[in-house]
file start.cif (mmCIF, C-alpha atoms)
data_protein
#
loop_
_atom_site.label_atom_id
_atom_site.label_comp_id
_atom_site.auth_asym_id
_atom_site.auth_seq_id
_atom_site.Cartn_x
_atom_site.Cartn_y
_atom_site.Cartn_z
CA MET L 3 0.44 -21.18 -27.64
CA ASP L 4 -2.13 -22.42 -25.09
CA ALA L 5 -2.93 -20.67 -21.79
CA ARG L 6 -0.75 -22.97 -19.71
CA SER L 7 2.24 -22.50 -22.02
CA ARG L 8 1.79 -18.74 -21.86
CA GLY L 9 1.57 -19.00 -18.09
CA LEU L 10 4.81 -20.95 -17.90
CA THR L 11 6.51 -18.45 -20.16
CA ARG L 12 5.35 -15.64 -17.91
CA ARG L 13 6.46 -17.62 -14.89
CA SER L 14 9.98 -17.99 -16.31
CA LEU L 15 10.13 -14.24 -16.83
CA LEU L 16 8.67 -13.65 -13.41
CA MET L 17 11.39 -15.63 -11.67
CA GLY L 18 14.19 -13.71 -13.39
CA GLY L 19 16.22 -10.76 -12.14
CA ALA L 20 15.38 -9.26 -8.77
CA ALA L 21 12.65 -11.82 -8.04
CA ALA L 22 15.10 -14.70 -8.45
CA ALA L 23 17.67 -12.93 -6.31
CA GLY L 24 15.07 -12.33 -3.63
CA ALA L 25 13.91 -15.94 -3.74
CA ALA L 26 17.48 -17.19 -3.46
CA ALA L 27 18.14 -14.91 -0.50
CA LEU L 28 14.99 -16.03 1.25
CA GLY L 29 15.80 -19.67 0.64
CA ALA L 30 19.29 -19.28 2.04
CA CYS L 31 18.39 -17.58 5.29
CA GLY L 32 16.84 -18.53 8.58
CA ALA L 33 19.78 -18.95 10.98
CA ARG L 34 21.11 -16.15 13.13
CA LEU L 35 24.62 -14.95 12.41
CA GLU L 36 25.56 -15.23 16.06
CA SER L 37 23.80 -15.60 19.38
CA PRO L 38 22.23 -12.28 20.36
CA SER L 39 24.36 -10.39 22.84
CA ASP L 40 21.55 -8.77 24.82
CA THR L 41 18.70 -11.28 24.91
CA GLY L 42 17.01 -11.02 28.28
CA GLY L 43 19.17 -8.08 29.26
CA PRO L 44 18.98 -4.32 28.80
CA PRO L 45 19.11 -3.01 25.22
CA GLU L 46 22.67 -2.40 24.07
CA GLY L 47 24.81 -2.41 20.96
CA HIS L 48 25.03 -0.75 17.56
CA LEU L 49 21.97 -1.06 15.30
CA ASN L 50 21.45 -0.47 11.61
CA LEU L 51 18.00 0.75 10.59
CA LEU L 52 16.75 0.46 6.99
CA THR L 53 13.90 2.85 6.22
CA PRO L 54 12.02 4.10 3.13
CA ILE L 55 10.33 6.91 5.11
CA PHE L 56 11.76 10.19 6.47
CA PRO L 57 13.26 10.91 3.02
CA GLY L 58 15.41 13.86 2.02
CA ALA L 59 17.22 16.41 4.13
CA GLU L 60 14.04 17.47 5.93
CA GLY L 61 13.09 13.90 6.81
CA LYS L 62 16.61 13.07 7.94
CA ALA L 63 16.73 16.11 10.19
CA LEU L 64 13.33 15.30 11.66
CA PHE L 65 14.25 11.72 12.42
CA GLU L 66 17.88 12.06 13.49
CA GLN L 67 17.74 15.40 15.29
CA GLN L 68 14.23 15.39 16.80
CA LEU L 69 13.06 11.79 17.18
CA LEU L 70 16.03 9.44 17.43
CA PRO L 71 17.70 11.38 20.30
CA GLN L 72 14.64 10.57 22.42
CA PHE L 73 15.32 6.87 21.89
CA THR L 74 19.06 7.03 22.57
CA ALA L 75 18.46 9.15 25.67
CA ARG L 76 16.31 6.34 27.03
CA TYR L 77 18.77 3.64 25.93
CA PRO L 78 22.23 5.21 26.13
CA ALA L 79 23.95 1.87 25.48
CA VAL L 80 22.37 1.72 22.01
CA SER L 81 23.60 3.58 18.93
CA VAL L 82 21.70 3.70 15.63
CA GLU L 83 22.95 4.11 12.09
CA VAL L 84 20.20 4.91 9.55
CA ASP L 85 20.19 3.66 5.97
CA TYR L 86 17.67 5.65 3.92
CA THR L 87 16.27 4.17 0.75
CA THR L 88 13.15 4.30 -1.43
CA TYR L 89 10.51 1.68 -2.04
CA ASN L 90 11.95 1.17 -5.50
CA TYR L 91 15.18 -0.13 -3.95
CA LEU L 92 13.92 -1.48 -0.63
CA ASN L 93 13.54 -5.13 -1.70
CA GLN L 94 16.99 -5.02 -3.30
CA LYS L 95 18.49 -3.57 -0.11
CA ILE L 96 16.87 -6.25 2.06
CA THR L 97 17.91 -9.15 -0.16
CA THR L 98 21.44 -7.77 -0.56
CA GLY L 99 21.76 -7.70 3.22
CA LEU L 100 20.55 -11.28 3.42
CA THR L 101 22.86 -12.61 0.72
CA THR L 102 25.90 -10.82 2.16
CA GLY L 103 25.06 -11.92 5.70
CA ILE L 104 24.85 -8.31 6.90
CA PRO L 105 21.15 -7.47 7.11
CA ALA L 106 19.81 -4.42 8.88
CA ASP L 107 18.79 -4.99 12.50
CA VAL L 108 15.51 -3.12 12.13
CA ILE L 109 13.74 -3.05 8.77
CA MET L 110 10.83 -0.92 7.67
CA LEU L 111 8.95 -2.63 4.87
CA GLY L 112 5.63 -2.56 3.07
CA VAL L 113 2.27 -4.14 3.73
CA GLY L 114 2.30 -7.54 2.05
CA TRP L 115 5.98 -8.07 2.76
CA VAL L 116 5.75 -9.77 6.15
CA GLU L 117 4.55 -13.10 4.77
CA PRO L 118 7.49 -13.62 2.36
CA PHE L 119 10.11 -12.82 5.00
CA ALA L 120 8.51 -14.22 8.14
CA SER L 121 7.78 -17.55 6.44
CA ARG L 122 11.53 -17.90 5.79
CA GLN L 123 12.50 -17.03 9.38
CA VAL L 124 14.04 -13.75 8.28
CA LEU L 125 12.12 -11.79 10.93
CA SER L 126 11.93 -12.08 14.70
CA GLU L 127 8.59 -12.32 16.42
CA LEU L 128 7.92 -9.04 18.19
CA THR L 129 7.85 -9.30 21.95
CA VAL L 130 5.25 -6.70 22.84
CA PRO L 131 2.67 -6.72 25.64
CA PRO L 132 -0.98 -7.15 24.61
CA THR L 133 -1.63 -3.49 25.41
CA ALA L 134 0.82 -2.48 22.65
CA VAL L 135 -1.62 -3.54 19.92
CA THR L 136 -4.87 -2.19 21.35
CA GLY L 137 -4.55 1.10 19.46
CA TYR L 138 -4.73 -0.48 16.01
CA ALA L 139 -7.68 -1.54 13.91
CA GLU L 140 -7.56 -5.33 13.58
CA ARG L 141 -7.59 -5.02 9.78
CA VAL L 142 -4.33 -3.05 10.05
CA LEU L 143 -2.68 -5.70 12.22
CA ALA L 144 -3.67 -8.64 9.99
CA PRO L 145 -0.81 -8.12 7.48
CA CYS L 146 1.62 -7.80 10.42
CA ARG L 147 1.05 -11.42 11.43
CA TRP L 148 2.20 -14.74 10.08
CA GLY L 149 1.37 -18.15 11.50
CA GLY L 150 -0.53 -16.55 14.36
CA LYS L 151 2.53 -14.55 15.49
CA LEU L 152 3.17 -10.81 15.34
CA PHE L 153 6.22 -9.87 13.25
CA ALA L 154 5.59 -6.19 12.55
CA LEU L 155 3.82 -3.07 13.73
CA PRO L 156 2.31 -0.37 11.48
CA VAL L 157 4.01 3.02 11.35
CA VAL L 158 2.35 5.07 8.59
CA LEU L 159 -0.41 3.99 6.22
CA ASP L 160 -1.52 4.73 2.66
CA THR L 161 -5.24 4.50 2.02
CA ARG L 162 -7.17 4.62 -1.25
CA PHE L 163 -10.87 5.31 -1.70
CA GLY L 164 -13.26 7.45 -3.70
CA ILE L 165 -12.85 11.24 -3.82
CA ALA L 166 -15.40 13.55 -5.43
CA ARG L 167 -15.49 17.23 -6.36
CA ARG L 168 -18.65 18.54 -4.65
CA ASP L 169 -18.91 21.54 -6.99
CA ILE L 170 -18.69 19.48 -10.18
CA LEU L 171 -21.24 16.98 -8.89
CA ALA L 172 -23.59 19.81 -7.91
CA GLN L 173 -23.34 21.38 -11.37
CA ALA L 174 -24.58 18.08 -12.79
CA GLY L 175 -27.44 17.87 -10.30
CA PHE L 176 -25.88 15.39 -7.84
CA ASP L 177 -26.14 16.44 -4.20
CA ARG L 178 -24.04 13.57 -2.79
CA PRO L 179 -21.34 11.12 -3.90
CA PRO L 180 -22.45 7.79 -5.39
CA ALA L 181 -23.76 5.26 -2.86
CA SER L 182 -23.07 2.00 -4.69
CA ILE L 183 -20.64 0.55 -7.20
CA ASP L 184 -23.34 0.65 -9.91
CA GLU L 185 -24.16 4.25 -9.10
CA LEU L 186 -20.46 5.08 -9.23
CA ARG L 187 -20.36 3.90 -12.84
CA ASP L 188 -23.55 5.83 -13.68
CA TYR L 189 -22.12 9.00 -12.15
CA ALA L 190 -18.83 8.49 -13.98
CA ILE L 191 -20.57 8.23 -17.35
CA ALA L 192 -22.83 11.23 -16.69
CA LEU L 193 -19.98 13.44 -15.47
CA THR L 194 -17.60 12.73 -18.38
CA GLN L 195 -17.25 15.53 -20.90
CA ARG L 196 -15.76 15.57 -24.39
CA GLY L 197 -15.23 18.39 -26.84
CA SER L 198 -16.86 18.67 -30.25
CA ASN L 199 -13.91 16.79 -31.72
CA GLY L 200 -14.38 13.91 -29.26
CA ALA L 201 -11.35 14.82 -27.17
CA LEU L 202 -11.77 14.09 -23.44
CA THR L 203 -11.92 17.32 -21.46
CA ARG L 204 -13.13 15.89 -18.15
CA THR L 205 -13.25 12.33 -16.91
CA GLY L 206 -16.11 11.33 -14.67
CA LEU L 207 -13.80 8.99 -12.75
CA ASP L 208 -10.01 9.20 -12.77
CA VAL L 209 -8.56 5.69 -12.29
CA GLN L 210 -5.12 6.49 -13.70
CA SER L 211 -3.49 8.75 -11.10
CA ILE L 212 -2.62 5.89 -8.75
CA ASP L 213 -0.76 2.64 -9.35
CA PRO L 214 -2.91 0.41 -11.63
CA ARG L 215 -2.40 -2.67 -9.44
CA GLN L 216 -3.55 -0.91 -6.30
CA MET L 217 -6.40 0.79 -8.17
CA PHE L 218 -7.71 -2.62 -9.27
CA GLU L 219 -7.30 -4.01 -5.76
CA THR L 220 -9.31 -1.09 -4.38
CA VAL L 221 -12.14 -1.93 -6.81
CA LEU L 222 -11.80 -5.67 -6.15
CA PHE L 223 -12.24 -5.14 -2.42
CA ALA L 224 -15.24 -2.85 -3.05
CA PHE L 225 -16.81 -5.68 -5.05
CA GLY L 226 -16.27 -7.93 -2.03
CA GLY L 227 -13.49 -9.95 -3.65
CA ASP L 228 -10.16 -11.25 -2.40
CA LEU L 229 -6.71 -11.65 -3.87
CA PHE L 230 -6.14 -14.99 -2.14
CA ARG L 231 -8.11 -17.39 0.04
CA ALA L 232 -6.51 -20.17 2.06
CA GLY L 233 -3.22 -19.47 0.29
CA ARG L 234 -4.61 -19.92 -3.24
CA PRO L 235 -5.55 -17.39 -5.96
CA ALA L 236 -9.06 -15.98 -5.60
CA PHE L 237 -8.71 -12.97 -7.89
CA ASN L 238 -9.95 -14.97 -10.92
CA ASP L 239 -13.29 -16.00 -9.39
CA PRO L 240 -16.48 -14.37 -10.76
CA ILE L 241 -16.14 -11.43 -8.36
CA GLY L 242 -12.57 -10.71 -9.41
CA VAL L 243 -13.41 -11.00 -13.10
CA ALA L 244 -16.39 -8.66 -12.68
CA ALA L 245 -14.22 -6.11 -10.84
CA LEU L 246 -11.53 -6.05 -13.51
CA GLN L 247 -14.11 -5.95 -16.30
CA TRP L 248 -15.78 -3.00 -14.55
CA VAL L 249 -12.49 -1.12 -14.62
CA ALA L 250 -11.80 -2.04 -18.25
CA ASP L 251 -15.30 -1.00 -19.34
CA LEU L 252 -14.74 2.52 -18.03
CA GLN L 253 -12.20 3.02 -20.78
CA LEU L 254 -13.13 0.56 -23.50
CA LYS L 255 -16.95 0.67 -23.40
CA ASP L 256 -18.15 3.66 -21.41
CA ARG L 257 -15.42 6.02 -22.65
CA VAL L 258 -15.15 7.58 -19.22
CA ILE L 259 -11.38 7.94 -19.54
CA ASP L 260 -8.84 7.59 -22.34
CA ALA L 261 -5.47 5.87 -22.24
CA GLY L 262 -2.78 8.30 -21.12
CA PHE L 263 -5.18 10.88 -19.67
CA SER L 264 -3.24 10.72 -16.38
CA ASN L 265 -0.66 8.51 -14.67
CA PRO L 266 0.72 7.87 -11.16
CA ASN L 267 3.71 10.13 -11.83
CA SER L 268 1.69 13.09 -13.09
CA THR L 269 2.72 16.39 -11.55
CA THR L 270 -0.91 17.61 -11.45
CA LEU L 271 -4.02 15.85 -10.25
CA PRO L 272 -6.97 15.95 -12.68
CA LEU L 273 -9.23 16.15 -9.62
CA ALA L 274 -7.49 19.33 -8.47
CA ASP L 275 -7.53 21.16 -11.82
CA GLY L 276 -11.10 20.17 -12.71
CA ARG L 277 -10.26 17.60 -15.37
CA ALA L 278 -11.84 14.91 -13.16
CA ALA L 279 -15.16 14.94 -11.32
CA MET L 280 -14.22 11.95 -9.13
CA SER L 281 -11.22 9.71 -8.63
CA ILE L 282 -10.12 6.53 -6.99
CA GLY L 283 -7.41 8.31 -5.10
CA HIS L 284 -4.87 8.42 -2.32
CA ASN L 285 -5.26 10.20 1.00
CA ASN L 286 -2.36 12.51 0.14
CA ALA L 287 -4.51 14.09 -2.61
CA TRP L 288 -5.34 16.69 0.06
CA ILE L 289 -1.68 17.66 0.41
CA THR L 290 -1.16 17.68 -3.35
CA THR L 291 -4.26 19.80 -3.97
CA SER L 292 -3.26 22.25 -1.22
CA LYS L 293 -0.12 22.97 -3.23
CA GLN L 294 -1.71 22.99 -6.70
CA ARG L 295 -5.20 24.42 -6.26
CA PRO L 296 -5.82 25.36 -2.62
CA GLU L 297 -9.02 27.19 -3.55
CA VAL L 298 -10.78 23.87 -4.31
CA LEU L 299 -9.76 22.04 -1.12
CA GLY L 300 -13.18 22.55 0.40
CA GLN L 301 -14.75 20.79 -2.58
CA LEU L 302 -12.99 17.45 -2.00
CA GLN L 303 -15.29 14.84 -0.50
CA PRO L 304 -14.10 11.30 0.28
CA PHE L 305 -16.48 8.36 -0.07
CA LEU L 306 -16.54 4.57 0.08
CA LEU L 307 -16.79 2.99 -3.36
CA ASN L 308 -19.45 0.55 -2.17
CA PRO L 309 -21.03 1.24 1.25
CA ALA L 310 -22.86 -2.10 1.04
CA LYS L 311 -19.46 -3.80 1.23
CA PRO L 312 -17.37 -1.09 2.90
CA SER L 313 -13.66 -1.18 2.26
CA VAL L 314 -10.64 1.03 1.79
CA PHE L 315 -7.32 -0.08 0.40
CA ALA L 316 -4.82 0.06 3.28
CA GLY L 317 -1.15 -0.14 2.43
CA GLY L 318 1.74 1.50 4.20
CA THR L 319 4.98 1.02 6.07
CA LEU L 320 5.60 -1.48 8.87
CA VAL L 321 8.55 -1.88 11.24
CA THR L 322 10.14 -5.30 11.80
CA VAL L 323 13.20 -6.83 13.47
CA SER L 324 15.71 -9.01 11.64
CA ALA L 325 16.15 -12.50 13.06
CA ALA L 326 19.86 -12.12 12.28
CA SER L 327 20.34 -9.11 14.54
CA ARG L 328 22.92 -9.72 17.28
CA HIS L 329 21.17 -7.17 19.47
CA GLN L 330 17.61 -8.43 19.78
CA SER L 331 16.62 -6.47 22.88
CA ALA L 332 17.90 -3.24 21.37
CA ALA L 333 16.29 -3.96 18.00
CA GLN L 334 12.95 -4.78 19.63
CA ALA L 335 13.12 -1.54 21.61
CA LEU L 336 13.88 0.49 18.50
CA ALA L 337 11.00 -1.13 16.60
CA ALA L 338 8.61 -0.29 19.44
CA PHE L 339 9.87 3.30 19.44
CA ILE L 340 9.37 3.69 15.67
CA ALA L 341 5.79 2.39 16.04
CA SER L 342 5.07 4.86 18.85
CA PRO L 343 2.38 7.54 18.41
CA GLN L 344 4.83 10.43 18.09
CA VAL L 345 6.92 8.82 15.36
CA SER L 346 3.83 7.58 13.53
CA LEU L 347 2.26 11.05 13.59
CA LEU L 348 5.34 12.98 12.50
CA GLY L 349 6.24 10.37 9.87
CA ALA L 350 2.73 10.58 8.45
CA ALA L 351 2.69 14.38 8.50
CA GLN L 352 5.95 14.57 6.58
CA ARG L 353 4.55 12.48 3.72
CA GLY L 354 0.83 13.26 3.85
CA ASN L 355 0.09 9.73 5.07
CA VAL L 356 -2.34 8.28 7.60
CA PRO L 357 -0.91 7.64 11.10
CA ALA L 358 -1.46 4.05 12.14
CA LEU L 359 -2.94 4.52 15.61
CA THR L 360 -6.61 5.34 16.13
CA GLU L 361 -5.73 7.49 19.17
CA LEU L 362 -4.22 10.07 16.79
CA GLU L 363 -7.61 10.84 15.21
CA ASN L 364 -8.06 14.04 17.22
CA THR L 365 -4.62 15.53 16.56
CA PRO L 366 -4.47 18.80 14.59
CA TYR L 367 -2.72 17.11 11.65
CA VAL L 368 -5.53 14.60 11.19
CA ARG L 369 -8.34 17.10 11.89
CA ASP L 370 -6.91 19.56 9.36
CA HIS L 371 -6.63 17.00 6.55
CA PRO L 372 -10.07 15.52 5.83
CA LEU L 373 -8.81 12.81 3.46
CA VAL L 374 -6.30 11.64 6.08
CA LYS L 375 -9.09 11.76 8.67
CA PHE L 376 -11.38 9.71 6.42
CA GLY L 377 -8.65 7.13 5.91
CA LEU L 378 -7.98 6.81 9.65
CA GLU L 379 -11.68 6.63 10.52
CA ASN L 380 -12.22 3.84 8.01
CA LEU L 381 -9.24 1.65 8.83
CA LYS L 382 -11.77 -0.75 10.36
CA TYR L 383 -12.68 -1.46 6.74
CA GLY L 384 -9.06 -1.70 5.64
CA ARG L 385 -8.12 -4.33 3.08
CA SER L 386 -4.51 -4.97 2.13
CA GLU L 387 -2.62 -6.60 -0.69
CA GLY L 388 -0.43 -9.66 -0.21
CA GLY L 389 -1.37 -12.50 2.08
CA ILE L 390 0.91 -15.24 0.74
CA PRO L 391 4.69 -15.82 0.97
CA ALA L 392 5.08 -15.60 -2.84
CA TRP L 393 3.47 -12.16 -3.05
CA LEU L 394 6.58 -10.12 -3.86
CA SER L 395 7.17 -12.16 -7.00
CA LEU L 396 3.59 -11.58 -8.20
CA ARG L 397 3.07 -7.85 -7.74
CA GLU L 398 4.42 -6.76 -11.10
CA GLU L 399 2.64 -9.60 -12.85
CA LEU L 400 -0.69 -8.43 -11.42
CA LEU L 401 0.04 -4.91 -12.62
CA ASN L 402 0.80 -6.23 -16.11
CA THR L 403 -2.42 -8.23 -16.08
CA VAL L 404 -4.49 -5.16 -15.18
CA GLN L 405 -2.86 -3.12 -17.92
CA SER L 406 -3.37 -5.90 -20.47
CA VAL L 407 -7.11 -5.99 -19.77
CA THR L 408 -7.71 -2.25 -19.46
CA THR L 409 -6.03 -1.66 -22.83
CA GLY L 410 -8.07 -4.39 -24.53
CA ARG L 411 -5.22 -6.80 -25.23
CA GLN L 412 -6.87 -9.58 -23.19
CA GLY L 413 -10.24 -10.35 -21.69
CA ALA L 414 -10.58 -10.26 -17.91
CA GLN L 415 -11.29 -13.96 -17.43
CA GLU L 416 -8.48 -15.11 -19.71
CA ALA L 417 -5.91 -12.76 -18.19
CA LEU L 418 -6.80 -13.53 -14.58
CA ASP L 419 -6.87 -17.28 -15.21
CA GLN L 420 -3.45 -17.03 -16.79
CA LEU L 421 -2.21 -15.05 -13.79
CA ALA L 422 -3.67 -17.70 -11.46
CA THR L 423 -1.56 -20.34 -13.23
CA VAL L 424 1.53 -18.21 -12.71
CA ALA L 425 0.58 -17.60 -9.08
CA ASP L 426 0.05 -21.31 -8.39
CA ALA L 427 3.49 -22.05 -9.80
CA ALA L 428 5.10 -19.27 -7.73
CA ILE L 429 3.36 -20.49 -4.58
CA ALA L 430 4.59 -24.02 -5.23
CA ASP L 431 8.12 -22.82 -5.95
CA PHE L 432 8.22 -20.76 -2.79
CA GLY L 433 7.01 -23.67 -0.73
CA THR L 434 9.76 -25.98 -1.99
CA SER L 435 12.70 -23.56 -2.22
#
call {"tool": "encode", "arguments": {"input": "start.cif", "output": "structure tokens"}}
result
Amino acid sequence: MDARSRGLTRRSLLMGGAAAAGAAALGACGARLESPSDTGGPPEGHLNLLTPIFPGAEGKALFEQQLLPQFTARYPAVSVEVDYTTYNYLNQKITTGLTTGIPADVIMLGVGWVEPFASRQVLSELTVPPTAVTGYAERVLAPCRWGGKLFALPVVLDTRFGIARRDILAQAGFDRPPASIDELRDYAIALTQRGSNGALTRTGLDVQSIDPRQMFETVLFAFGGDLFRAGRPAFNDPIGVAALQWVADLQLKDRVIDAGFSNPNSTTLPLADGRAAMSIGHNNAWITTSKQRPEVLGQLQPFLLNPAKPSVFAGGTLVTVSAASRHQSAAQALAAFIASPQVSLLGAAQRGNVPALTELENTPYVRDHPLVKFGLENLKYGRSEGGIPAWLSLREELLNTVQSVTTGRQGAQEALDQLATVADAAIADFGTS
């Protein structure tokens, strides 16, 4: 089977199941259910909010008993019903609402999700004054826009970057984290340890404790690469191929880490228990380590993977307004409230995330969590996934591509070229559906 045939086969699989349902829902929407009842007037009406944050009993109590009453006190003619979900079911919840004609009024969704929904007129443009966006790094606002218009505001963010154990580096004679992508690889090789039987006892660089797709994207951005340019695949250019090959070589050539050494669902972090000298990690590693091995917290040191091309992966949760909401003024007001500093800070603190607003840098929560502080300070270098309307149908395929290469089943160029064929087809399908 040639590369194009394999690509078409993968495309047919890609467009099945939830992706096909989502595409159908997006293609069928665009019109409002009814004329909004409060456009131009004071906020009023009953709203439904769909959110993947503030989970569990503690999160629900924080949001509904501490935060939401502040909003309803200001807008007594508005009532809010909250639908809690997880990111695993968020896309399904959104598309179900669209296909049934009963979408949530205010929707909290992920970075990379605005383009698919805004391009199909699912979202309302946010009507905020210019001063409302001055507290955000421009890199954080970029994925909130589509067609030059603002459709979302950031609430809480997830950043990924390098994290080193100072004590382990010092034992090996390193007095600072690596200062380049080449030096990162050299450090990783030097810091890896194996027993007399060849079994891995310590990896020099843990790349398995976060989602493989987002791990690769973090490396890709550090190499100076892009996922897409001008709406077309860019991940298979020489920079993208080099980035993926660099990741694959850690396991297949350099023997820095073995398959199955860790995973995103692991209950313990190798960095915390000393089985990793460095990691490409998440800002909430500070919270996790404080629970697992608090005595090593002072040894965690964040760093940019490549200071010559500074970047951090910046994902997270955004707040948007459904174009189908009958209560646009109320929905816009609720979205603005959810993006406010207080909600952003408390939402981030509950989950160990990075608050979205730079003005929160000097709050005790941020000051007391150095990895969160590092993420917030470096949002000016933030790079995000997505960027095209077809992104939601390509995320899993990118993950599969990364895993195929890092396990040696395919070469980087072949796999990324094949993915580019799939992506081109998905982009074309989305544009004509």
call {"tool": "residues_near_point", "arguments": {"input": "start.cif", "point": "(16.5, -6.9, 3.5)", "cutoff": "7 Å", "atoms": "only C-alpha atoms", "output": "MDAnalysis selection string"}}
result
chainID L and resid 93 95:100 105:106
call {"tool": "residues_around", "arguments": {"input": "start.cif", "residues": "Leu70 in chain L", "least_positions_apart": "4", "cutoff": "9 Å", "atoms": "all atoms listed in the file", "output": "ChimeraX atom specification"}}
result
/L:64-66,74-75,82,339-340
call {"tool": "resolve_selection", "arguments": {"input": "start.cif", "expression": "the PyMOL selection byres ((chain L and resi 85) around 8)", "output": "VMD selection string"}}
result
chain L and resid 50 to 53 83 to 84 86 to 87
call {"tool": "write_last_selection", "arguments": {"input": "start.cif", "atoms": "C-alpha atoms", "output": "mmCIF file, keeping the file's coordinate frame"}}
result
data_model
loop_
_atom_site.group_PDB
_atom_site.id
_atom_site.type_symbol
_atom_site.label_atom_id
_atom_site.label_comp_id
_atom_site.auth_asym_id
_atom_site.auth_seq_id
_atom_site.Cartn_x
_atom_site.Cartn_y
_atom_site.Cartn_z
ATOM 1 C CA ASN L 50 21.450 -0.470 11.610
ATOM 2 C CA LEU L 51 18.000 0.750 10.590
ATOM 3 C CA LEU L 52 16.750 0.460 6.990
ATOM 4 C CA THR L 53 13.900 2.850 6.220
ATOM 5 C CA GLU L 83 22.950 4.110 12.090
ATOM 6 C CA VAL L 84 20.200 4.910 9.550
ATOM 7 C CA TYR L 86 17.670 5.650 3.920
ATOM 8 C CA THR L 87 16.270 4.170 0.750
#
call {"tool": "closest_residue", "arguments": {"input": "start.cif", "among": "L:Tyr189, L:Pro372, L:Arg162, L:Pro235", "to": "Asp177 in chain L", "atoms": "all atoms listed in the file"}}
result
L:Tyr189
call {"tool": "atom_distance", "arguments": {"input": "start.cif", "atom1": "CA of Trp393 in chain L", "atom2": "CA of Phe432 in chain L"}}
result
9.8 Å
call {"tool": "resolve_selection", "arguments": {"input": "start.cif", "expression": "the PyMOL selection byres ((chain L and resi 179) around 10)", "output": "PyMOL selection string"}}
result
chain L and resi 164-168+171-172+176-178+180-182+185-186+189+280+303-307
call {"tool": "residues_around", "arguments": {"input": "start.cif", "residues": "Thr88 in chain L", "least_positions_apart": "6", "cutoff": "9 Å", "atoms": "all atoms listed in the file", "output": "list of chain:residue names"}}
result
L:Thr53, L:Pro54, L:Ile55, L:Pro57
call {"tool": "build_atoms", "arguments": {"input": "start.cif", "residues": "range 195-199 of chain L", "atoms": "all heavy atoms", "output": "compact mmCIF listing (two decimals), in the coordinates of the input"}}
result
# COMPACT_ATOMS: atom_id res chain seq x y z
N GLN L 195 -17.02 14.54 -19.85
CA GLN L 195 -17.25 15.53 -20.90
C GLN L 195 -16.20 15.40 -22.00
O GLN L 195 -15.02 15.17 -21.72
CB GLN L 195 -17.20 16.95 -20.33
CG GLN L 195 -18.37 17.29 -19.42
CD GLN L 195 -18.35 18.73 -18.96
OE1 GLN L 195 -17.34 19.44 -19.11
NE2 GLN L 195 -19.46 19.20 -18.40
N ARG L 196 -16.65 15.57 -23.22
CA ARG L 196 -15.76 15.57 -24.39
C ARG L 196 -16.08 16.79 -25.25
O ARG L 196 -17.22 17.27 -25.29
CB ARG L 196 -15.92 14.29 -25.21
CG ARG L 196 -15.42 13.06 -24.48
CD ARG L 196 -15.57 11.78 -25.31
NE ARG L 196 -15.06 10.63 -24.57
CZ ARG L 196 -13.80 10.23 -24.58
NH1 ARG L 196 -12.92 10.88 -25.34
NH2 ARG L 196 -13.41 9.19 -23.87
N GLY L 197 -15.05 17.27 -25.95
CA GLY L 197 -15.23 18.39 -26.84
C GLY L 197 -15.91 17.98 -28.13
O GLY L 197 -16.19 16.79 -28.38
N SER L 198 -16.18 18.94 -28.99
CA SER L 198 -16.86 18.67 -30.25
C SER L 198 -16.07 17.73 -31.14
O SER L 198 -16.64 17.02 -31.98
CB SER L 198 -17.12 19.98 -30.99
OG SER L 198 -15.90 20.68 -31.21
N ASN L 199 -14.77 17.70 -30.94
CA ASN L 199 -13.91 16.79 -31.72
C ASN L 199 -13.76 15.42 -31.07
O ASN L 199 -12.99 14.58 -31.55
CB ASN L 199 -12.53 17.42 -31.94
CG ASN L 199 -11.79 17.68 -30.62
OD1 ASN L 199 -12.36 17.49 -29.54
ND2 ASN L 199 -10.54 18.10 -30.73
